[in-house]
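Student: File name input_7.txt; file contents compact mmCIF, C-alpha atoms; full text below.
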```
# COMPACT_ATOMS: atom_id res chain seq x y z
CA MET A 1 14.77 104.37 189.37
CA ASN A 2 18.44 104.98 189.98
CA LEU A 3 20.27 108.27 189.38
CA THR A 4 23.56 107.37 191.04
CA GLY A 5 26.41 109.27 189.44
CA LYS A 6 24.13 111.82 187.79
CA THR A 7 24.26 115.53 188.58
CA ALA A 8 21.12 117.68 188.66
CA ILE A 9 20.60 121.43 188.73
CA VAL A 10 17.26 122.44 190.24
CA THR A 11 16.24 126.10 190.08
CA GLY A 12 13.88 127.69 192.56
CA ALA A 13 14.68 124.90 194.99
CA GLY A 14 14.66 126.65 198.36
CA ARG A 15 11.27 125.29 199.35
CA GLY A 16 7.99 123.81 198.15
CA ILE A 17 8.00 121.79 194.95
CA GLY A 18 11.63 122.64 194.21
CA ARG A 19 12.76 121.32 197.57
CA GLU A 20 10.80 118.10 197.15
CA ILE A 21 12.35 117.57 193.71
CA CYS A 22 15.83 118.00 195.21
CA LEU A 23 15.07 115.49 197.96
CA ARG A 24 13.72 112.90 195.54
CA LEU A 25 16.63 113.20 193.13
CA SER A 26 19.06 113.03 196.04
CA ASP A 27 17.29 109.94 197.40
CA LEU A 28 17.80 108.33 193.99
CA GLY A 29 21.54 108.98 194.21
CA ALA A 30 21.98 112.18 192.21
CA ASN A 31 24.27 115.05 193.13
CA VAL A 32 22.11 118.15 193.42
CA VAL A 33 22.80 121.83 192.82
CA ILE A 34 20.16 123.77 194.76
CA ASN A 35 19.49 127.17 193.21
CA TYR A 36 17.48 129.80 195.05
CA ALA A 37 16.94 133.54 194.76
CA GLY A 38 16.43 134.97 198.22
CA ASN A 39 15.62 132.90 201.32
CA ASP A 40 18.93 131.71 202.79
CA ALA A 41 17.32 129.87 205.71
CA GLU A 42 14.96 127.83 203.52
CA ALA A 43 17.76 126.97 201.09
CA ALA A 44 19.93 125.83 203.99
CA LYS A 45 17.09 123.56 205.12
CA THR A 46 16.86 122.01 201.67
CA LEU A 47 20.62 121.49 201.69
CA SER A 48 20.49 119.80 205.11
CA LEU A 49 17.93 117.31 203.85
CA CYS A 50 19.96 116.25 200.80
CA GLN A 51 23.11 114.14 200.69
CA ASN A 52 25.51 115.26 197.97
CA ALA A 53 24.40 118.82 197.36
CA VAL A 54 25.45 122.46 197.16
CA THR A 55 23.48 125.72 197.17
CA VAL A 56 23.87 128.61 194.73
CA LYS A 57 22.08 131.91 195.29
CA ALA A 58 21.35 133.42 191.90
CA ASP A 59 18.63 135.14 189.87
CA VAL A 60 18.04 132.95 186.82
CA SER A 61 16.69 135.89 184.82
CA ASP A 62 20.22 137.32 184.78
CA GLU A 63 22.41 135.39 182.34
CA LYS A 64 25.62 136.13 184.25
CA GLU A 65 24.15 134.93 187.55
CA CYS A 66 22.71 131.92 185.78
CA LYS A 67 26.16 131.05 184.45
CA ARG A 68 27.46 131.06 188.03
CA ILE A 69 25.07 128.20 188.85
CA PHE A 70 26.69 126.11 186.13
CA ASP A 71 30.19 127.18 187.17
CA VAL A 72 29.57 126.00 190.73
CA CYS A 73 28.09 122.77 189.39
CA GLY A 74 31.23 122.18 187.32
CA GLU A 75 33.55 122.91 190.24
CA LYS A 76 31.66 120.70 192.68
CA PHE A 77 30.30 117.81 190.60
CA GLY A 78 31.20 118.24 186.95
CA THR A 79 28.85 118.86 184.04
CA PRO A 80 25.09 118.55 184.66
CA ASP A 81 23.13 115.54 183.40
CA ILE A 82 19.76 116.85 184.58
CA LEU A 83 18.21 120.32 184.58
CA ILE A 84 14.94 121.12 186.34
CA ASN A 85 13.58 124.60 185.62
CA ASN A 86 11.35 125.23 188.61
CA ALA A 87 12.11 128.88 189.46
CA GLY A 88 8.97 130.97 189.27
CA ILE A 89 7.24 134.00 190.76
CA THR A 90 3.77 135.55 190.66
CA LYS A 91 2.69 139.18 190.50
CA ASP A 92 -1.06 138.79 190.06
CA ASN A 93 -3.50 141.46 188.97
CA LEU A 94 -6.32 141.92 186.53
CA LEU A 95 -5.24 142.66 182.98
CA MET A 96 -6.47 146.26 183.02
CA ARG A 97 -4.58 146.97 186.27
CA MET A 98 -1.34 145.13 185.59
CA ASN A 99 1.67 147.35 185.09
CA GLU A 100 4.40 146.67 182.57
CA SER A 101 7.11 146.01 185.15
CA ASP A 102 5.08 143.25 186.83
CA PHE A 103 4.39 141.64 183.46
CA ASP A 104 8.05 141.82 182.46
CA ARG A 105 9.41 140.56 185.77
CA VAL A 106 7.26 137.42 185.78
CA LEU A 107 8.26 136.55 182.22
CA ASP A 108 11.92 137.32 182.94
CA VAL A 109 12.08 134.86 185.84
CA ASN A 110 9.65 132.17 184.74
CA LEU A 111 10.39 132.01 181.01
CA LYS A 112 13.63 133.81 180.26
CA GLY A 113 15.22 132.14 183.30
CA ALA A 114 14.38 128.73 181.89
CA PHE A 115 15.73 129.76 178.49
CA ASN A 116 19.00 130.88 180.09
CA CYS A 117 19.39 127.55 181.86
CA VAL A 118 18.46 125.39 178.87
CA LYS A 119 20.93 127.30 176.72
CA LEU A 120 23.74 126.84 179.25
CA ALA A 121 22.92 123.16 179.81
CA SER A 122 22.58 122.26 176.15
CA ARG A 123 26.26 122.51 175.18
CA PRO A 124 27.69 120.11 177.81
CA MET A 125 24.71 117.77 177.38
CA MET A 126 25.17 117.71 173.61
CA LYS A 127 28.85 116.94 174.08
CA ALA A 128 27.96 114.09 176.42
CA LYS A 129 25.12 112.95 174.10
CA TYR A 130 22.90 112.66 177.14
CA GLY A 131 20.60 114.93 179.12
CA ARG A 132 17.28 115.23 180.89
CA ILE A 133 15.55 118.62 181.01
CA VAL A 134 12.23 119.12 182.80
CA ASN A 135 10.41 122.45 182.83
CA ILE A 136 7.82 123.06 185.54
CA SER A 137 4.81 124.68 183.88
CA SER A 138 1.30 124.88 185.37
CA VAL A 139 -2.28 123.78 184.79
CA VAL A 140 -3.14 127.44 184.12
CA ALA A 141 -0.89 127.35 181.05
CA LEU A 142 -3.49 124.99 179.58
CA SER A 143 -6.68 126.39 181.08
CA GLY A 144 -5.97 130.10 181.58
CA ASN A 145 -6.75 131.93 184.82
CA VAL A 146 -8.27 135.27 185.79
CA GLY A 147 -5.82 137.80 187.20
CA GLN A 148 -2.70 135.99 186.01
CA VAL A 149 -2.09 136.98 182.40
CA ASN A 150 1.64 137.38 183.08
CA TYR A 151 1.99 134.09 184.94
CA VAL A 152 -0.15 132.17 182.44
CA ALA A 153 1.81 133.63 179.53
CA SER A 154 5.10 132.63 181.14
CA LYS A 155 3.98 129.08 181.88
CA ALA A 156 2.43 128.64 178.43
CA GLY A 157 5.68 129.93 176.98
CA LEU A 158 7.51 127.21 178.89
CA ILE A 159 5.49 124.61 177.01
CA GLY A 160 6.52 126.16 173.71
CA LEU A 161 10.14 126.28 174.88
CA THR A 162 9.88 122.62 175.86
CA LYS A 163 8.60 121.46 172.48
CA ALA A 164 11.04 123.51 170.39
CA SER A 165 14.01 122.48 172.57
CA ALA A 166 12.97 118.84 172.41
CA LEU A 167 13.10 118.93 168.62
CA GLU A 168 16.48 120.68 168.55
CA LEU A 169 18.18 118.44 171.12
CA ALA A 170 16.70 114.99 170.49
CA ALA A 171 19.38 113.94 168.03
CA ARG A 172 21.98 114.29 170.80
CA GLY A 173 20.19 112.02 173.25
CA ILE A 174 18.63 114.85 175.28
CA THR A 175 14.97 114.70 176.31
CA VAL A 176 13.00 117.83 177.18
CA ASN A 177 9.61 117.58 178.88
CA ALA A 178 7.27 119.73 180.93
CA VAL A 179 5.27 118.98 184.06
CA ALA A 180 2.08 120.99 184.66
CA PRO A 181 1.00 120.84 188.32
CA GLY A 182 -2.50 121.73 189.45
CA PHE A 183 -3.41 122.76 193.01
CA ILE A 184 -0.50 121.63 195.18
CA GLU A 185 -0.05 121.98 198.95
CA THR A 186 2.51 124.80 199.19
CA ASP A 187 3.03 127.91 201.33
CA MET A 188 0.70 129.78 198.98
CA THR A 189 -2.21 127.36 199.31
CA ALA A 190 -1.62 127.01 203.06
CA SER A 191 -2.42 130.70 203.48
CA LEU A 192 -5.91 130.29 202.00
CA THR A 193 -8.97 130.21 204.23
CA GLU A 194 -10.68 126.88 204.81
CA GLU A 195 -13.69 128.13 202.86
CA VAL A 196 -11.56 128.95 199.81
CA ARG A 197 -9.63 125.67 200.08
CA ALA A 198 -12.87 123.68 200.25
CA LYS A 199 -14.24 125.48 197.20
CA MET A 200 -11.06 124.83 195.24
CA ALA A 201 -10.93 121.17 196.29
CA SER A 202 -14.54 120.70 195.18
CA GLN A 203 -13.46 121.55 191.63
CA ILE A 204 -10.87 118.75 191.59
CA PRO A 205 -12.26 115.36 190.45
CA LEU A 206 -10.02 113.50 192.91
CA GLY A 207 -11.31 115.82 195.64
CA TYR A 208 -8.08 117.02 197.25
CA PHE A 209 -4.95 119.07 196.68
CA GLY A 210 -1.81 117.31 195.50
CA GLU A 211 1.45 117.37 197.43
CA PRO A 212 4.90 118.46 196.26
CA LYS A 213 5.98 114.81 196.30
CA ASP A 214 3.41 114.05 193.59
CA VAL A 215 5.17 116.47 191.28
CA ALA A 216 8.62 115.30 192.39
CA GLU A 217 7.82 111.67 191.57
CA THR A 218 6.77 112.62 188.05
CA VAL A 219 9.90 114.71 187.57
CA ALA A 220 12.10 111.90 188.85
CA PHE A 221 10.52 109.47 186.40
CA LEU A 222 11.17 111.83 183.49
CA CYS A 223 14.81 111.99 184.59
CA SER A 224 15.14 108.22 184.70
CA ASP A 225 16.05 105.67 182.05
CA GLY A 226 12.43 104.51 182.16
CA ALA A 227 11.46 107.73 180.37
CA ARG A 228 14.18 107.60 177.73
CA TYR A 229 11.63 107.54 174.86
CA ILE A 230 9.53 110.44 176.16
CA THR A 231 10.33 113.92 174.89
CA GLY A 232 8.47 117.11 174.02
CA GLN A 233 5.54 116.13 176.25
CA VAL A 234 3.50 117.96 178.89
CA ILE A 235 2.62 115.72 181.84
CA SER A 236 -0.26 117.07 183.94
CA VAL A 237 -0.24 116.39 187.69
CA ASN A 238 -3.55 117.99 188.59
CA GLY A 239 -6.02 115.49 190.07
CA GLY A 240 -8.13 115.73 186.94
CA ILE A 241 -9.02 119.43 187.25
CA TYR A 242 -8.14 119.99 183.61
CA LEU A 243 -8.27 117.14 181.12
```
I need this file expressed as structure tokens, please.
Tutor:
Amino acid sequence: MNLTGKTAIVTGAGRGIGREICLRLSDLGANVVINYAGNDAEAAKTLSLCQNAVTVKADVSDEKECKRIFDVCGEKFGTPDILINNAGITKDNLLMRMNESDFDRVLDVNLKGAFNCVKLASRPMMKAKYGRIVNISSVVALSGNVGQVNYVASKAGLIGLTKASALELAARGITVNAVAPGFIETDMTASLTEEVRAKMASQIPLGYFGEPKDVAETVAFLCSDGARYITGQVISVNGGIYL
């Protein structure tokens, strides 16, 4: 795989899966725009690990802030060839206890944020007759999960956004796919007790948690010429926990 000369925007890229995606795309030669929402120190670390890169602090749920990401991309590298919608948050609670603001906020960031970015990316990509868009969904979008109706709804919505966008943009040489990770070693899973981790791992056919690099490799493939005939698909990276 070779992405030399390509420019990628990666949202939610300060750490975890987003960071690993930035590093992999950078390793393959791409210029990378690292979007993040809050943690300056973590974003700076991601930047230090990449080669041709720039950071943009912005909330993707806000269309004006989202536009600034693309403006910085244009000023620094030119129009984007690749868009990775990875920005996401959780505000978990049982359905009966979840308040409206927590439901709305999760959908605003996870789903509306991706919509904002796809909309902004589509025009320059259509003009160039080339583009690679990858939306990071989740295994729970396919299986459901207790206490996460907002998160599950947002990630399932991403799959719908992926399929509809793929149909609209295919004629202009733009592919749109989704990746649905399962249990991945991140800051969130690292905070779990060993007992909980062992119980979760026992549910995975492969027997262990994935790593951010497992997701990043799949994303990189979907951005490459090797995946030029793949669009509108959901690729699960979950160790077999949901088939």
Student: Please indicate the distance in Å from atom CA of A:Arg105 to atom CA of A:Lys67, rounded to one decimal place.
Tutor: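 Distance between the two atoms: 19.3 Å.
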Student: Excluding A:Val60 and residues on its chain fewer than 2 positions from it, collect all residues at most 10 Å away from it, counting only C-alpha atoms, and give them as a PyMOL selection string.
Tutor: chain A and resi 11-12+35-37+57-58+62-69+85+87-88+108-117
Student: For A:Gly239, which residue out of A:Val146, A:Ala227, A:Val72, A:Val139 is the nearest one, using only C-alpha atoms?
Tutor: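 Under the stated criterion, the closest residue is A:Val139.
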Student: So which one's closest to A:Ile136, A:Asn177, A:Gln148, A:Thr7, A:Asn39? Using only C-alpha atoms, please.
Tutor: A:Asn177
Student: Which residues are near A:Phe209? Cut-off 9 Å, only C-alpha atoms, ignore same chain within fewer than 3 positions. Put them as a list in words.
Tutor: Gly182, Phe183, Ile184, Glu185, Arg197, Met200, Ala201, Ile204, Leu206, Asn238 and Gly239 of chain A
Student: One decimal, Å: what's the distance from atom CA of A:Ala220 over to atom CA of A:Ala141, could you say?
Tutor: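 Going from atom CA of A:Ala220 over to atom CA of A:Ala141 covers 21.6 Å.
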Student: Rank A:Val234, A:Ala190, A:Ile174, A:Val215 by their smallest atom-to-atom distance to A:Lys127, using all atoms listed in the file, and report the top residue only.
Tutor: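 Comparing A:Val234, A:Ala190, A:Ile174, A:Val215 against A:Lys127, the winner is A:Ile174.
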Student: In Å, with one decimal, what is the gap from atom CA of A:Ser61 to atom CA of A:Val149?
Tutor: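 Taking atom CA of A:Ser61 and atom CA of A:Val149, their separation equals 19.0 Å.
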Student: I'd like to know which of A:Gly232, A:Gly207, A:Pro212, A:Gly74 is closest to A:Leu161, using all atoms listed in the file.
Tutor: A:Gly232
Student: Need to verify the contact set: A:Ala121, 10 Å, only C-alpha atoms, exclusion of same-chain residues closer than 4 positions in sequence. Can you return it as a ChimeraX atom specification?
Tutor: /A:9,67,70,79-83,115-117,125-126,131-133
Student: Where atoms are missing, can you supply N, CA and C atoms for stretch 6-23 of chain A and output the lot as a compact mmCIF listing (two decimals), in the coordinates of the input?
Tutor:
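Dumped everything to rebuild.txt:
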```
# COMPACT_ATOMS: atom_id res chain seq x y z
N LYS A 6 24.65 110.70 188.58
CA LYS A 6 24.13 111.82 187.79
C LYS A 6 24.18 113.11 188.61
N THR A 7 24.25 114.22 187.92
CA THR A 7 24.26 115.53 188.58
C THR A 7 23.08 116.36 188.07
N ALA A 8 22.31 116.91 189.01
CA ALA A 8 21.12 117.68 188.66
C ALA A 8 21.21 119.10 189.16
N ILE A 9 20.80 120.04 188.32
CA ILE A 9 20.60 121.43 188.73
C ILE A 9 19.10 121.65 188.85
N VAL A 10 18.67 122.16 190.01
CA VAL A 10 17.26 122.44 190.24
C VAL A 10 17.12 123.92 190.60
N THR A 11 16.42 124.69 189.78
CA THR A 11 16.24 126.10 190.08
C THR A 11 15.00 126.31 190.94
N GLY A 12 15.00 127.40 191.69
CA GLY A 12 13.88 127.69 192.56
C GLY A 12 13.65 126.58 193.57
N ALA A 13 14.75 126.13 194.18
CA ALA A 13 14.68 124.90 194.99
C ALA A 13 14.76 125.14 196.49
N GLY A 14 14.56 126.37 196.93
CA GLY A 14 14.66 126.65 198.36
C GLY A 14 13.57 126.02 199.19
N ARG A 15 12.40 125.84 198.60
CA ARG A 15 11.27 125.29 199.35
C ARG A 15 10.23 124.74 198.40
N GLY A 16 9.12 124.26 198.96
CA GLY A 16 7.99 123.81 198.15
C GLY A 16 8.32 122.70 197.18
N ILE A 17 7.81 122.82 195.96
CA ILE A 17 8.00 121.79 194.95
C ILE A 17 9.47 121.62 194.61
N GLY A 18 10.21 122.73 194.52
CA GLY A 18 11.63 122.64 194.21
C GLY A 18 12.40 121.84 195.24
N ARG A 19 12.10 122.08 196.50
CA ARG A 19 12.76 121.32 197.57
C ARG A 19 12.45 119.83 197.44
N GLU A 20 11.19 119.52 197.23
CA GLU A 20 10.80 118.10 197.15
C GLU A 20 11.48 117.41 195.97
N ILE A 21 11.64 118.14 194.86
CA ILE A 21 12.35 117.57 193.71
C ILE A 21 13.80 117.28 194.08
N CYS A 22 14.44 118.23 194.77
CA CYS A 22 15.83 118.00 195.21
C CYS A 22 15.95 116.76 196.09
N LEU A 23 15.03 116.63 197.04
CA LEU A 23 15.07 115.49 197.96
C LEU A 23 14.89 114.17 197.21
```
